[in-house]
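All remarks here apply to the structure that follows.
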Amino acid sequence: MEGLKKFFGQITKKQWLIILAVIVVILAVIVAVVVLNNNNDTKDNAKAEEEEVIINDSGDIIKEGTYEGLTINNIILQSQGDFSTFTATVANNTDAEINVEDFDIVLKNGDTVVATLYGYLGEPLAAGESRDINASIGMALTKDTVNNVEYTAHTTE
């Protein structure tokens, strides 16, 4: 005990201030590292929780299609987690009204039907008129699961 008193007694006031300043700097660096590390973990967790939007831009999905004289184009099939949305523009490029109120959007992987979405127009399309449609389903429809589309008469199954 006597040795410690002698040792600490030899340290000058200026040396104590330097020691104190070094301790404060070391503590500040430790606190900064801990705070920044926690902040990065929070950002990583938020990114992991937010599902990535995946666009299925397979050539046979996004190519222009037809059904009963209607042209279906501007197609976007996107998935986010286990939810997918199909959007498209349906146009009547003829000189006469086309009396189609709805149709099925049959999404396939090869010859296997993966999902059937409901394409709802609501009422007949006049000559030269177009409408945007949206259809959704609770499953991922990526390039791995769907690679072509057909448009058929709506069935009530």
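Chain labels follow the order of the structure tokens: the first chain is A, the next B, and so on; residue numbering restarts at 1 in every chain, and ligands are counted from 1 in their shown order.
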
TODO: From the DSSP assignment of the backbone, select every residue of region 15-136 of chain A that is alpha helix (DSSP H), and format the answer as a PyMOL selection string.
DONE: chain A and resi 15-49+59-62

Open item on the list: If we count only C-alpha atoms and set the cut-off at 10 Å, which residues sit around Pro124 (chain A), ignoring sequence neighbours fewer than 5 positions away in its own chain? Please answer as a count of residues only.
Closed with: 8

Open item on the list: Which residue is closest to Leu141 (chain A)? Choose from A:Ala91, A:Leu121, A:Ser79, A:Thr156 and count only C-alpha atoms.
Closed with: A:Ser79

Task: Residues flagged strand (DSSP E or B) by DSSP in region 22-127 of chain A, as a PyMOL selection string - done: chain A and resi 53-55+65-67+70-80+83-91+98+102-109+112-120+125

- [ ] Work out how far CA of Ile137 (chain A) is from CA of Ala115 (chain A), in Å to one decimal.
- [x]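 Separation between CA of Ala115 (chain A) and CA of Ile137 (chain A): 8.3 Å.
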
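Distance annotation: of A:Asn74, A:Asp95, A:Lys63, A:Glu123, the residue with the minimal separation from Glu150 (chain A) is A:Lys63; atom set is only C-alpha atoms.
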
Open item on the list: Just checking: using only C-alpha atoms, which residue out of A:Ala140, A:Ala126, A:Leu17, A:Val114 ends up closest to Gln80 (chain A)?
Closed with: A:Ala140

- [ ] Report the distance between CA of Arg131 (chain A) and CA of Lys143 (chain A) in Å, rounded to one decimal place.
- [x]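 Between CA of Arg131 (chain A) and CA of Lys143 (chain A) the gap works out to 26.1 Å.
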
Task: Who sits within 12 Å of Ala153 (chain A), only C-alpha atoms, same chain under 6 positions skipped, as a VMD selection string - done: chain A and resid 66 to 68 100 to 106 116 to 120

Open item on the list: Show me, as a list in words, the residues that have an atom within 9 Å of Asn93 (chain A) when counting only C-alpha atoms, minus same-chain residues fewer than 5 positions from it.
Closed with: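 The neighbour list is Gly69, Leu70, Thr71, Ala127, Gly128, Glu129 and Ser130 of chain A.
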
Based on the selection just made, write N, CA and C atoms of those residues as a tab-separated table (two decimals), in the first residue's frame.
```
chain	number	residue	atom	x	y	z
A	69	GLY	N	-59.90	-9.55	-79.57
A	69	GLY	CA	-59.73	-8.29	-80.27
A	69	GLY	C	-59.09	-7.18	-79.43
A	70	LEU	N	-58.91	-7.41	-78.15
A	70	LEU	CA	-58.27	-6.43	-77.27
A	70	LEU	C	-56.76	-6.64	-77.28
A	71	THR	N	-56.02	-5.55	-77.20
A	71	THR	CA	-54.57	-5.61	-77.11
A	71	THR	C	-54.17	-5.40	-75.66
A	127	ALA	N	-64.45	1.81	-79.23
A	127	ALA	CA	-63.39	1.84	-80.23
A	127	ALA	C	-62.35	2.89	-79.82
A	128	GLY	N	-61.07	2.50	-79.85
A	128	GLY	CA	-59.98	3.42	-79.52
A	128	GLY	C	-59.76	3.64	-78.03
A	129	GLU	N	-60.58	3.05	-77.18
A	129	GLU	CA	-60.46	3.26	-75.72
A	129	GLU	C	-59.47	2.27	-75.12
A	130	SER	N	-58.86	2.67	-74.00
A	130	SER	CA	-58.00	1.75	-73.27
A	130	SER	C	-58.18	1.95	-71.77
```

TODO: In Å, rounded to a single decimal, give me how far CA of Ile75 (chain A) is from CA of Ala135 (chain A).
DONE: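 Computing it gives 11.4 Å between the two atoms.
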
Task: Nearest residue to Gly81 (chain A) from the set A:Ile54, A:Ile23, A:Ile61, A:Ile18 (distances using only C-alpha atoms) - done: A:Ile54

Open item on the list: Just checking: using only C-alpha atoms, which residue out of A:Asp82, A:Asp111, A:Glu52, A:Glu2 ends up closest to Met139 (chain A)?
Closed with: A:Asp82
